[in-house]
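Structure file run35.cif with mmCIF, C-alpha atoms:
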```cif
data_input
#
loop_
_atom_site.label_atom_id
_atom_site.label_comp_id
_atom_site.auth_asym_id
_atom_site.auth_seq_id
_atom_site.Cartn_x
_atom_site.Cartn_y
_atom_site.Cartn_z
CA MET A 88 12.62 -10.49 -1.96
CA LYS A 89 13.17 -14.15 -2.75
CA GLN A 90 12.95 -14.01 -6.49
CA SER A 91 14.43 -15.14 -9.72
CA ARG A 92 13.61 -12.10 -11.87
CA ALA A 93 14.57 -8.53 -11.19
CA SER A 94 11.73 -6.29 -10.04
CA ILE A 95 10.65 -2.77 -10.91
CA ALA A 96 8.39 -0.53 -8.82
CA ILE A 97 6.62 2.17 -10.82
CA ASP A 98 5.09 5.29 -9.33
CA MET A 99 1.67 6.47 -10.55
CA ASP A 100 1.19 10.27 -10.44
CA GLU A 101 3.25 12.04 -13.10
CA THR A 102 4.99 8.78 -13.93
CA VAL A 103 2.15 6.90 -15.61
CA ALA A 104 -0.85 9.11 -14.75
CA ASP A 105 -1.13 12.72 -15.88
CA THR A 106 -2.14 14.51 -12.69
CA LEU A 107 -0.64 17.83 -13.82
CA SER A 108 -3.23 18.25 -16.56
CA ARG A 109 -5.98 17.69 -13.98
CA TYR A 110 -4.51 20.38 -11.69
CA LEU A 111 -4.27 22.87 -14.56
CA GLN A 112 -7.76 22.01 -15.79
CA TRP A 113 -9.37 22.48 -12.36
CA TYR A 114 -7.38 25.65 -11.71
CA GLU A 115 -8.66 27.21 -14.92
CA ARG A 116 -12.19 26.00 -14.13
CA ASP A 117 -12.14 27.58 -10.66
CA PHE A 118 -10.15 30.78 -11.23
CA GLY A 119 -10.32 31.39 -14.97
CA VAL A 120 -6.56 31.45 -15.30
CA HIS A 121 -4.80 29.31 -17.85
CA ILE A 122 -1.39 27.96 -16.92
CA SER A 123 0.43 25.77 -19.41
CA ALA A 124 2.37 22.69 -18.41
CA GLU A 125 5.55 24.37 -19.65
CA GLN A 126 5.01 27.28 -17.28
CA THR A 127 5.25 24.90 -14.30
CA ALA A 128 8.84 23.96 -15.17
CA GLY A 129 10.85 23.61 -11.98
CA HIS A 130 7.87 24.19 -9.69
CA LYS A 131 5.01 22.45 -7.99
CA ILE A 132 1.73 23.81 -9.23
CA TYR A 133 0.61 25.21 -5.87
CA SER A 134 3.77 27.26 -5.55
CA LEU A 135 2.99 28.96 -8.88
CA VAL A 136 -0.59 30.05 -8.39
CA ASP A 137 -1.74 33.19 -6.62
CA ALA A 138 -1.08 32.89 -2.91
CA GLU A 139 -4.78 33.09 -2.02
CA HIS A 140 -5.52 30.13 -4.31
CA ALA A 141 -2.74 27.86 -3.09
CA ALA A 142 -4.76 26.15 -0.36
CA THR A 143 -7.56 25.36 -2.81
CA VAL A 144 -5.12 23.93 -5.33
CA ARG A 145 -3.40 21.88 -2.64
CA GLY A 146 -6.80 20.48 -1.76
CA TYR A 147 -7.60 19.26 -5.27
CA ALA A 148 -5.90 15.89 -4.82
CA HIS A 149 -7.98 15.27 -1.69
CA HIS A 150 -11.16 15.41 -3.76
CA PRO A 151 -12.64 11.95 -4.48
CA ASP A 152 -12.88 12.73 -8.22
CA PHE A 153 -9.34 14.04 -8.70
CA PHE A 154 -7.79 10.67 -9.59
CA ARG A 155 -10.66 9.43 -11.74
CA ASP A 156 -10.21 9.20 -15.49
CA LEU A 157 -6.70 10.64 -15.51
CA PRO A 158 -4.97 10.36 -18.87
CA VAL A 159 -2.25 7.72 -19.07
CA TYR A 160 1.10 8.82 -20.46
CA ASP A 161 2.04 7.96 -24.03
CA ASP A 162 3.54 4.50 -24.44
CA ALA A 163 3.30 3.66 -20.72
CA VAL A 164 0.93 0.75 -21.27
CA ASP A 165 2.90 -0.80 -24.14
CA VAL A 166 6.28 -0.39 -22.48
CA ILE A 167 5.11 -1.73 -19.11
CA ARG A 168 3.45 -4.66 -20.83
CA ALA A 169 6.76 -5.45 -22.54
CA LEU A 170 8.68 -4.98 -19.27
CA SER A 171 6.32 -7.38 -17.51
CA ALA A 172 7.55 -10.21 -19.74
CA LYS A 173 11.04 -9.87 -18.27
CA TYR A 174 10.61 -8.22 -14.86
CA ASP A 175 8.31 -8.43 -11.86
CA ILE A 176 6.36 -5.19 -12.09
CA PHE A 177 4.83 -3.38 -9.10
CA PHE A 178 2.93 -0.11 -8.94
CA ALA A 179 3.92 1.89 -5.88
CA SER A 180 1.93 5.05 -5.16
CA ALA A 181 2.20 7.36 -2.18
CA ALA A 182 -1.57 7.09 -1.88
CA MET A 183 -1.52 7.63 1.89
CA GLU A 184 -1.10 11.35 1.20
CA PHE A 185 -4.64 11.40 -0.20
CA GLU A 186 -6.97 9.18 1.74
CA HIS A 187 -9.77 9.38 -0.83
CA SER A 188 -7.47 8.21 -3.59
CA PHE A 189 -7.33 4.48 -2.79
CA THR A 190 -10.34 3.26 -4.73
CA PRO A 191 -9.91 5.61 -7.73
CA LYS A 192 -6.24 4.61 -7.98
CA TYR A 193 -7.10 0.92 -7.70
CA ASP A 194 -9.79 1.24 -10.37
CA TRP A 195 -7.49 3.25 -12.66
CA LEU A 196 -4.77 0.62 -12.49
CA ARG A 197 -7.28 -2.15 -13.17
CA GLN A 198 -8.57 -0.22 -16.18
CA HIS A 199 -5.25 0.63 -17.81
CA PHE A 200 -2.95 -2.18 -16.62
CA ASP A 201 -5.18 -5.25 -16.40
CA PHE A 202 -2.14 -7.45 -17.08
CA ILE A 203 -0.62 -6.55 -13.68
CA ASP A 204 -1.98 -8.53 -10.72
CA PRO A 205 -3.48 -6.23 -8.03
CA MET A 206 -1.35 -8.16 -5.53
CA HIS A 207 1.45 -6.13 -7.13
CA TYR A 208 -0.09 -2.76 -6.24
CA ILE A 209 1.44 -0.95 -3.29
CA PHE A 210 -0.23 2.04 -1.67
CA CYS A 211 2.28 3.53 0.71
CA GLY A 212 3.77 6.76 1.91
CA TYR A 213 7.48 6.44 2.51
CA LYS A 214 9.07 4.55 -0.40
CA GLY A 215 12.15 3.47 1.50
CA ILE A 216 10.14 0.36 2.42
CA LEU A 217 10.27 -0.95 -1.15
CA ASN A 218 12.45 -3.98 -1.73
CA THR A 219 12.45 -3.93 -5.52
CA ASP A 220 15.55 -3.62 -7.72
CA TYR A 221 14.39 -0.47 -9.50
CA LEU A 222 12.07 2.42 -8.75
CA ILE A 223 10.78 4.73 -11.48
CA ASP A 224 9.43 7.90 -9.88
CA ASP A 225 9.14 11.62 -10.62
CA HIS A 226 10.01 12.59 -7.03
CA ALA A 227 13.70 12.76 -6.25
CA GLU A 228 12.90 12.47 -2.52
CA HIS A 229 11.46 8.99 -3.07
CA LEU A 230 14.56 7.96 -4.98
CA ASP A 231 16.71 9.32 -2.14
CA SER A 232 15.07 6.96 0.34
CA PHE A 233 15.05 3.99 -2.03
CA ARG A 234 17.57 1.21 -1.44
CA ALA A 235 18.41 0.28 -5.04
CA GLN A 236 18.50 1.81 -8.53
CA GLY A 237 16.24 4.82 -8.90
CA LEU A 238 15.19 6.33 -12.23
CA LEU A 239 13.87 9.88 -12.14
CA TYR A 240 10.92 10.11 -14.50
CA THR A 241 11.15 13.56 -16.00
CA ALA A 242 8.27 15.85 -15.05
CA TRP A 243 7.96 19.61 -15.40
CA HIS A 244 8.35 20.06 -11.65
CA ASN A 245 11.65 18.12 -11.44
CA LEU A 246 13.46 19.70 -14.39
CA GLY A 247 15.98 21.42 -12.12
CA ARG A 248 16.98 18.30 -10.19
CA GLU A 249 20.43 16.99 -10.94
CA GLY A 250 22.39 13.93 -9.92
CA TYR A 251 19.79 11.31 -10.86
CA GLU A 252 19.57 8.76 -13.64
CA ARG A 253 16.76 10.17 -15.76
CA VAL A 254 14.17 8.73 -18.10
CA ASP A 255 12.39 11.46 -20.08
CA HIS A 256 9.49 9.39 -21.39
CA TRP A 257 8.36 5.77 -21.62
CA GLN A 258 10.40 5.09 -24.76
CA ALA A 259 13.45 6.10 -22.74
CA VAL A 260 12.44 3.51 -20.13
CA ALA A 261 12.23 0.91 -22.89
CA ASN A 262 15.71 1.89 -24.02
CA TYR A 263 17.11 1.79 -20.49
CA PHE A 264 15.91 -1.79 -20.06
CA ASP A 265 17.00 -2.82 -23.58
CA LEU A 266 13.52 -3.75 -24.75
CA MET B 123 16.15 1.49 3.17
CA LYS B 124 18.65 4.18 4.07
CA GLN B 125 18.10 4.28 7.79
CA SER B 126 19.72 4.43 11.17
CA ARG B 127 17.14 2.46 13.17
CA ALA B 128 15.94 -1.05 12.47
CA SER B 129 12.43 -1.29 11.06
CA ILE B 130 9.46 -3.54 11.76
CA ALA B 131 6.50 -4.14 9.47
CA ILE B 132 3.35 -5.29 11.25
CA ASP B 133 0.43 -7.02 9.57
CA MET B 134 -3.13 -6.01 10.50
CA ASP B 135 -5.69 -8.85 10.26
CA GLU B 136 -5.21 -11.43 13.01
CA THR B 137 -1.99 -9.72 14.06
CA VAL B 138 -3.36 -6.52 15.57
CA ALA B 139 -7.03 -6.65 14.42
CA ASP B 140 -9.40 -9.43 15.45
CA THR B 141 -11.00 -10.39 12.14
CA LEU B 142 -11.74 -13.95 13.30
CA SER B 143 -14.33 -12.75 15.82
CA ARG B 144 -16.06 -10.79 13.05
CA TYR B 145 -16.21 -13.89 10.81
CA LEU B 146 -17.66 -16.00 13.64
CA GLN B 147 -20.12 -13.29 14.61
CA TRP B 148 -21.43 -12.83 11.05
CA TYR B 149 -21.59 -16.59 10.47
CA GLU B 150 -23.75 -17.07 13.54
CA ARG B 151 -25.89 -14.07 12.53
CA ASP B 152 -26.51 -15.50 9.01
CA PHE B 153 -26.73 -19.23 9.67
CA GLY B 154 -27.49 -19.56 13.39
CA VAL B 155 -24.47 -21.74 13.97
CA HIS B 156 -22.01 -20.93 16.72
CA ILE B 157 -18.38 -21.78 16.07
CA SER B 158 -15.85 -20.96 18.75
CA ALA B 159 -12.42 -19.55 17.97
CA GLU B 160 -10.87 -22.72 19.41
CA GLN B 161 -12.77 -24.86 16.92
CA THR B 162 -11.01 -23.11 14.05
CA ALA B 163 -7.61 -24.36 15.20
CA GLY B 164 -5.50 -25.30 12.18
CA HIS B 165 -8.09 -24.13 9.64
CA LYS B 166 -9.33 -21.09 7.79
CA ILE B 167 -12.89 -20.32 8.75
CA TYR B 168 -14.34 -20.91 5.27
CA SER B 169 -12.89 -24.41 5.15
CA LEU B 170 -14.75 -25.28 8.36
CA VAL B 171 -18.26 -24.14 7.57
CA ASP B 172 -20.87 -26.11 5.64
CA ALA B 173 -19.88 -26.32 1.99
CA GLU B 174 -22.95 -24.40 0.84
CA HIS B 175 -22.03 -21.50 3.14
CA ALA B 176 -18.37 -21.25 2.18
CA ALA B 177 -18.84 -18.73 -0.64
CA THR B 178 -20.86 -16.44 1.61
CA VAL B 179 -18.24 -16.60 4.33
CA ARG B 180 -15.45 -15.96 1.83
CA GLY B 181 -17.37 -12.90 0.74
CA TYR B 182 -17.60 -11.36 4.21
CA ALA B 183 -14.26 -9.57 3.98
CA HIS B 184 -15.36 -7.95 0.72
CA HIS B 185 -18.21 -6.20 2.52
CA PRO B 186 -17.51 -2.51 3.22
CA ASP B 187 -18.44 -2.93 6.91
CA PHE B 188 -16.32 -5.99 7.62
CA PHE B 189 -13.20 -4.10 8.71
CA ARG B 190 -14.99 -1.38 10.66
CA ASP B 191 -14.78 -1.36 14.45
CA LEU B 192 -12.74 -4.53 14.70
CA PRO B 193 -11.41 -5.22 18.19
CA VAL B 194 -7.71 -4.59 18.65
CA TYR B 195 -5.69 -7.37 20.27
CA ASP B 196 -4.70 -7.11 23.91
CA ASP B 197 -1.51 -5.13 24.52
CA ALA B 198 -0.97 -4.40 20.82
CA VAL B 199 -1.28 -0.63 21.27
CA ASP B 200 1.00 -0.42 24.31
CA VAL B 201 3.65 -2.73 22.91
CA ILE B 202 3.72 -1.04 19.49
CA ARG B 203 3.91 2.36 21.16
CA ALA B 204 6.93 1.15 23.13
CA LEU B 205 8.48 -0.41 20.01
CA SER B 206 8.05 2.88 18.13
CA ALA B 207 10.50 4.54 20.52
CA LYS B 208 13.27 2.24 19.30
CA TYR B 209 12.25 1.05 15.84
CA ASP B 210 10.71 2.46 12.68
CA ILE B 211 7.25 0.92 12.67
CA PHE B 212 5.20 0.25 9.54
CA PHE B 213 1.79 -1.35 9.15
CA ALA B 214 1.68 -3.64 6.13
CA SER B 215 -1.68 -5.11 5.18
CA ALA B 216 -2.57 -7.24 2.18
CA ALA B 217 -5.47 -4.86 1.59
CA MET B 218 -5.44 -5.44 -2.18
CA GLU B 219 -7.28 -8.72 -1.55
CA PHE B 220 -10.31 -6.70 -0.42
CA GLU B 221 -10.81 -3.59 -2.48
CA HIS B 222 -13.40 -2.10 -0.12
CA SER B 223 -11.06 -2.40 2.83
CA PHE B 224 -8.77 0.57 2.12
CA THR B 225 -10.68 3.33 3.87
CA PRO B 226 -11.88 1.23 6.84
CA LYS B 227 -8.34 -0.02 7.38
CA TYR B 228 -6.91 3.48 7.12
CA ASP B 229 -9.50 4.81 9.58
CA TRP B 230 -8.95 1.91 11.98
CA LEU B 231 -5.21 2.52 12.09
CA ARG B 232 -5.73 6.24 12.64
CA GLN B 233 -8.11 5.45 15.49
CA HIS B 234 -6.00 2.91 17.35
CA PHE B 235 -2.44 3.88 16.42
CA ASP B 236 -2.49 7.65 16.10
CA PHE B 237 1.20 7.74 17.05
CA ILE B 238 2.20 6.06 13.76
CA ASP B 239 2.43 8.39 10.75
CA PRO B 240 0.10 7.30 7.90
CA MET B 241 3.14 7.61 5.62
CA HIS B 242 4.14 4.38 7.38
CA TYR B 243 1.03 2.48 6.30
CA ILE B 244 1.48 0.04 3.43
CA PHE B 245 -1.48 -1.49 1.61
CA CYS B 246 -0.10 -4.19 -0.61
CA GLY B 247 -0.63 -7.73 -1.76
CA TYR B 248 2.64 -9.60 -2.08
CA LYS B 249 4.80 -8.89 0.98
CA GLY B 250 8.08 -9.80 -0.65
CA ILE B 251 8.28 -6.14 -1.64
CA LEU B 252 8.86 -5.04 1.97
CA ASN B 253 12.32 -3.78 2.78
CA THR B 254 12.01 -3.75 6.56
CA ASP B 255 14.19 -5.72 8.97
CA TYR B 256 11.31 -7.59 10.58
CA LEU B 257 7.81 -8.64 9.58
CA ILE B 258 5.25 -9.75 12.16
CA ASP B 259 2.45 -11.62 10.38
CA ASP B 260 0.03 -14.49 11.01
CA HIS B 261 0.47 -15.87 7.46
CA ALA B 262 3.45 -18.13 6.97
CA GLU B 263 3.24 -17.52 3.20
CA HIS B 264 4.01 -13.85 3.71
CA LEU B 265 6.99 -14.71 5.89
CA ASP B 266 8.20 -17.12 3.18
CA SER B 267 8.39 -14.30 0.63
CA PHE B 268 9.88 -11.80 3.09
CA ARG B 269 13.58 -10.97 2.76
CA ALA B 270 14.52 -10.61 6.42
CA GLN B 271 13.45 -11.84 9.88
CA GLY B 272 9.85 -13.00 10.01
CA LEU B 273 7.89 -13.56 13.20
CA LEU B 274 4.78 -15.72 12.93
CA TYR B 275 2.06 -14.17 15.04
CA THR B 276 0.16 -17.10 16.46
CA ALA B 277 -3.43 -17.36 15.26
CA TRP B 278 -5.84 -20.26 15.49
CA HIS B 279 -5.51 -20.95 11.76
CA ASN B 280 -1.70 -21.23 11.85
CA LEU B 281 -1.33 -23.51 14.88
CA GLY B 282 -0.08 -26.40 12.77
CA ARG B 283 2.66 -24.45 11.00
CA GLU B 284 6.18 -25.33 12.05
CA GLY B 285 9.60 -23.96 11.25
CA TYR B 286 8.90 -20.31 12.07
CA GLU B 287 9.98 -18.03 14.87
CA ARG B 288 6.71 -17.53 16.74
CA VAL B 289 5.21 -14.82 18.90
CA ASP B 290 2.07 -16.00 20.69
CA HIS B 291 0.77 -12.61 21.81
CA TRP B 292 1.91 -8.99 22.06
CA GLN B 293 3.72 -9.52 25.36
CA ALA B 294 5.80 -12.13 23.53
CA VAL B 295 6.64 -9.50 20.93
CA ALA B 296 7.74 -7.18 23.73
CA ASN B 297 9.95 -9.94 25.10
CA TYR B 298 11.42 -10.74 21.69
CA PHE B 299 12.51 -7.13 21.26
CA ASP B 300 13.71 -6.82 24.88
CA LEU B 301 11.29 -4.05 25.81
#
```

Would you put the structure from the file into structure tokens?
Amino acid sequence: MKQSRASIAIDMDETVADTLSRYLQWYERDFGVHISAEQTAGHKIYSLVDAEHAATVRGYAHHPDFFRDLPVYDDAVDVIRALSAKYDIFFASAAMEFEHSFTPKYDWLRQHFDFIDPMHYIFCGYKGILNTDYLIDDHAEHLDSFRAQGLLYTAWHNLGREGYERVDHWQAVANYFDL
Amino acid sequence: MKQSRASIAIDMDETVADTLSRYLQWYERDFGVHISAEQTAGHKIYSLVDAEHAATVRGYAHHPDFFRDLPVYDDAVDVIRALSAKYDIFFASAAMEFEHSFTPKYDWLRQHFDFIDPMHYIFCGYKGILNTDYLIDDHAEHLDSFRAQGLLYTAWHNLGREGYERVDHWQAVANYFDL
């Protein structure tokens, strides 16, 4: 990138958008079983549920409504707004995994982060194509393919992963970047 | 990108997909005026039409049907298939300009380039975020922001642009990469 400021790519699901709560909510709705976020520690949700429900749960994110109205994580808006004064901010979501997610994800970003130009949204699959200086993401695999400094955003599913620079919440991101 | 093979990002509109013919077709349909592709040389279509029609023509690409069933350029499929044996191929479209284009673009790529994994599609705005080794694109501005080797895919609108490595058609791309 030909640039003067450093740049940060920020993942969406489980980095700024609370998809886990939507999974747990729909699972309880469909099967009457309550699972707490804490119980998912170290696991993906579909590896925790009864085997005969796993396919249904895997399918949730392919539903057009799944990504609508997701809660935004505490402090994400304020911290990203402050970051945007010093850094070029991009949102980079592996939206290609869920082909009905494009418009809901676009609308969600417009709603919560109206100070970021949509020309700075990236819907991709493989994140090794990103040419930013930082990537904040809850998936260690995306950080593995990334060329520059990755920050693992702590999520219940990634608690067991070691060997990554971690940020546990958005205040920790603010601290990392000396805001 | 942590990779062993070189990588090529390929734009969609007017690089593999013939959007110009759709513009000209819809303009004639709406206003009864025929403009040939040759007449657009050196210009964007909406700067050529009558001033009172320009807003309508600018709006065409925001219509959900605009990107459906676009013709694919001659030899694009065969050459990209051959390139994919030697290079990591990505499609990178500035889809964020047209928020209704996501699904039609996704479907179009699946239809014509089923040998490229959707995880290698990138819907973005600003192309300076691409970390590939090459970018083939008809917009000089995207090549200007790109970090590595750009190839200007010749289109009627960019005929006047100088100072870029050019490929005039897909056989020229094949020649450039010694296929």

To test your reading of the syntax: which residues would the PyMOL selection byres ((chain A) within 6 of (chain B)) return for the file shown? Reply as a CSV table (one decimal) with C-alpha atoms, keeping the file's coordinate frame.
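Generated output (expr38.csv):
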```
chain,number,residue,atom,x,y,z
A,88,MET,CA,12.6,-10.5,-2.0
A,89,LYS,CA,13.2,-14.2,-2.8
A,183,MET,CA,-1.5,7.6,1.9
A,206,MET,CA,-1.4,-8.2,-5.5
A,207,HIS,CA,1.4,-6.1,-7.1
A,208,TYR,CA,-0.1,-2.8,-6.2
A,209,ILE,CA,1.4,-1.0,-3.3
A,210,PHE,CA,-0.2,2.0,-1.7
A,211,CYS,CA,2.3,3.5,0.7
A,212,GLY,CA,3.8,6.8,1.9
A,213,TYR,CA,7.5,6.4,2.5
A,215,GLY,CA,12.2,3.5,1.5
A,216,ILE,CA,10.1,0.4,2.4
A,217,LEU,CA,10.3,-1.0,-1.2
A,218,ASN,CA,12.4,-4.0,-1.7
A,232,SER,CA,15.1,7.0,0.3
A,233,PHE,CA,15.0,4.0,-2.0
A,234,ARG,CA,17.6,1.2,-1.4
```

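When atom CA of A:Ala259 is paired with atom CA of A:Ser134, their separation reads 28.9 Å.
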
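You will find atom CA of B:Lys208 at 25.8 Å from atom CA of B:Ala262.
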
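The coordinates place atom CA of B:Ile258 at 26.8 Å from atom CA of B:Ile157.
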
(message) If we draw a sphere of 12 Å around (20.0, 12.7, -15.5), which residues have at least one atom in it when counting only C-alpha atoms? Please report them as a VMD selection string.
(response) chain A and resid 225 227 237 to 241 245 to 255 259

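Distance check against A:Trp113 using only C-alpha atoms: of A:Glu125, A:Glu228, A:Asp152, A:Asp161, the minimum falls on A:Asp152.
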
(request) Quick one: everything within 12 Å of B:Gln233, counting only C-alpha atoms, minus sequence neighbours fewer than 4 positions away in the same chain. Send it as a PyMOL selection string. (result) chain B and resi 190-194+199+226-229+237-240

(request) Name the residues captured by the PyMOL selection byres ((chain A and resi 147) around 12) when it is applied to the shown file; answer as a ChimeraX atom specification. (result) /A:106-107,109-114,117,132-133,140-146,148-154,185,187-188

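Considering the residues B:Arg232, B:Arg203, B:His279, B:His261 and counting all atoms listed in the file, B:Leu301 has its shortest atom-to-atom contact with B:Arg203.
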
(message) Evaluate the PyMOL selection byres ((chain A and resi 162) around 10) against this structure - the residues, as an MDAnalysis selection string, please.
(response) chainID A and resid 103 159:161 163:168 256:258 260:261

(request) Give the answer as one residue: which of A:Val120, A:Ala128, A:Ile176, A:Ala138 has the shortest atom-to-atom distance to A:Phe200, using only C-alpha atoms? (result) A:Ile176

Using the structure block above, produce a file of stretch 142-157 of chain A that contains N, CA, C and O atoms, as a PDB file, in the first residue's frame.
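Result file follows (result-v2.pdb):
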```pdb
ATOM      1  N   ALA A 142     -25.292 -30.171  12.199  1.00  0.00           N
ATOM      2  CA  ALA A 142     -25.492 -29.661  10.839  1.00  0.00           C
ATOM      3  C   ALA A 142     -26.418 -28.444  10.857  1.00  0.00           C
ATOM      4  O   ALA A 142     -26.192 -27.463  10.142  1.00  0.00           O
ATOM      5  N   THR A 143     -27.456 -28.511  11.683  1.00  0.00           N
ATOM      6  CA  THR A 143     -28.374 -27.371  11.793  1.00  0.00           C
ATOM      7  C   THR A 143     -27.625 -26.139  12.292  1.00  0.00           C
ATOM      8  O   THR A 143     -27.782 -25.035  11.753  1.00  0.00           O
ATOM      9  N   VAL A 144     -26.822 -26.344  13.326  1.00  0.00           N
ATOM     10  CA  VAL A 144     -26.105 -25.211  13.920  1.00  0.00           C
ATOM     11  C   VAL A 144     -25.087 -24.643  12.933  1.00  0.00           C
ATOM     12  O   VAL A 144     -24.929 -23.422  12.797  1.00  0.00           O
ATOM     13  N   ARG A 145     -24.415 -25.532  12.205  1.00  0.00           N
ATOM     14  CA  ARG A 145     -23.498 -25.056  11.169  1.00  0.00           C
ATOM     15  C   ARG A 145     -24.223 -24.225  10.110  1.00  0.00           C
ATOM     16  O   ARG A 145     -23.649 -23.327   9.505  1.00  0.00           O
ATOM     17  N   GLY A 146     -25.478 -24.555   9.890  1.00  0.00           N
ATOM     18  CA  GLY A 146     -26.247 -23.852   8.862  1.00  0.00           C
ATOM     19  C   GLY A 146     -26.737 -22.476   9.286  1.00  0.00           C
ATOM     20  O   GLY A 146     -27.112 -21.669   8.437  1.00  0.00           O
ATOM     21  N   TYR A 147     -26.729 -22.199  10.585  1.00  0.00           N
ATOM     22  CA  TYR A 147     -27.292 -20.924  11.054  1.00  0.00           C
ATOM     23  C   TYR A 147     -26.707 -19.719  10.320  1.00  0.00           C
ATOM     24  O   TYR A 147     -27.438 -18.809   9.920  1.00  0.00           O
ATOM     25  N   ALA A 148     -25.387 -19.708  10.157  1.00  0.00           N
ATOM     26  CA  ALA A 148     -24.752 -18.519   9.582  1.00  0.00           C
ATOM     27  C   ALA A 148     -25.023 -18.378   8.086  1.00  0.00           C
ATOM     28  O   ALA A 148     -24.660 -17.369   7.480  1.00  0.00           O
ATOM     29  N   HIS A 149     -25.645 -19.401   7.498  1.00  0.00           N
ATOM     30  CA  HIS A 149     -26.049 -19.292   6.087  1.00  0.00           C
ATOM     31  C   HIS A 149     -27.463 -18.719   5.950  1.00  0.00           C
ATOM     32  O   HIS A 149     -27.940 -18.510   4.836  1.00  0.00           O
ATOM     33  N   HIS A 150     -28.122 -18.491   7.084  1.00  0.00           N
ATOM     34  CA  HIS A 150     -29.470 -17.935   7.040  1.00  0.00           C
ATOM     35  C   HIS A 150     -29.377 -16.418   6.843  1.00  0.00           C
ATOM     36  O   HIS A 150     -28.572 -15.754   7.492  1.00  0.00           O
ATOM     37  N   PRO A 151     -30.221 -15.864   5.953  1.00  0.00           N
ATOM     38  CA  PRO A 151     -30.130 -14.424   5.669  1.00  0.00           C
ATOM     39  C   PRO A 151     -30.284 -13.530   6.893  1.00  0.00           C
ATOM     40  O   PRO A 151     -29.779 -12.409   6.899  1.00  0.00           O
ATOM     41  N   ASP A 152     -30.966 -14.005   7.933  1.00  0.00           N
ATOM     42  CA  ASP A 152     -31.183 -13.163   9.116  1.00  0.00           C
ATOM     43  C   ASP A 152     -30.081 -13.267  10.171  1.00  0.00           C
ATOM     44  O   ASP A 152     -30.084 -12.502  11.135  1.00  0.00           O
ATOM     45  N   PHE A 153     -29.185 -14.236  10.012  1.00  0.00           N
ATOM     46  CA  PHE A 153     -28.217 -14.508  11.079  1.00  0.00           C
ATOM     47  C   PHE A 153     -27.402 -13.273  11.455  1.00  0.00           C
ATOM     48  O   PHE A 153     -27.160 -13.002  12.632  1.00  0.00           O
ATOM     49  N   PHE A 154     -26.958 -12.522  10.440  1.00  0.00           N
ATOM     50  CA  PHE A 154     -26.038 -11.403  10.704  1.00  0.00           C
ATOM     51  C   PHE A 154     -26.748 -10.080  10.965  1.00  0.00           C
ATOM     52  O   PHE A 154     -26.111  -9.053  11.147  1.00  0.00           O
ATOM     53  N   ARG A 155     -28.079 -10.103  10.936  1.00  0.00           N
ATOM     54  CA  ARG A 155     -28.820  -8.866  11.177  1.00  0.00           C
ATOM     55  C   ARG A 155     -28.896  -8.562  12.667  1.00  0.00           C
ATOM     56  O   ARG A 155     -29.111  -9.458  13.472  1.00  0.00           O
ATOM     57  N   ASP A 156     -28.726  -7.307  12.992  1.00  0.00           N
ATOM     58  CA  ASP A 156     -28.964  -6.834  14.363  1.00  0.00           C
ATOM     59  C   ASP A 156     -28.076  -7.516  15.395  1.00  0.00           C
ATOM     60  O   ASP A 156     -28.479  -7.678  16.549  1.00  0.00           O
ATOM     61  N   LEU A 157     -26.902  -7.934  15.009  1.00  0.00           N
ATOM     62  CA  LEU A 157     -25.985  -8.518  15.991  1.00  0.00           C
ATOM     63  C   LEU A 157     -25.532  -7.430  16.957  1.00  0.00           C
ATOM     64  O   LEU A 157     -25.286  -6.292  16.552  1.00  0.00           O
TER      65      LEU A 157
END
```
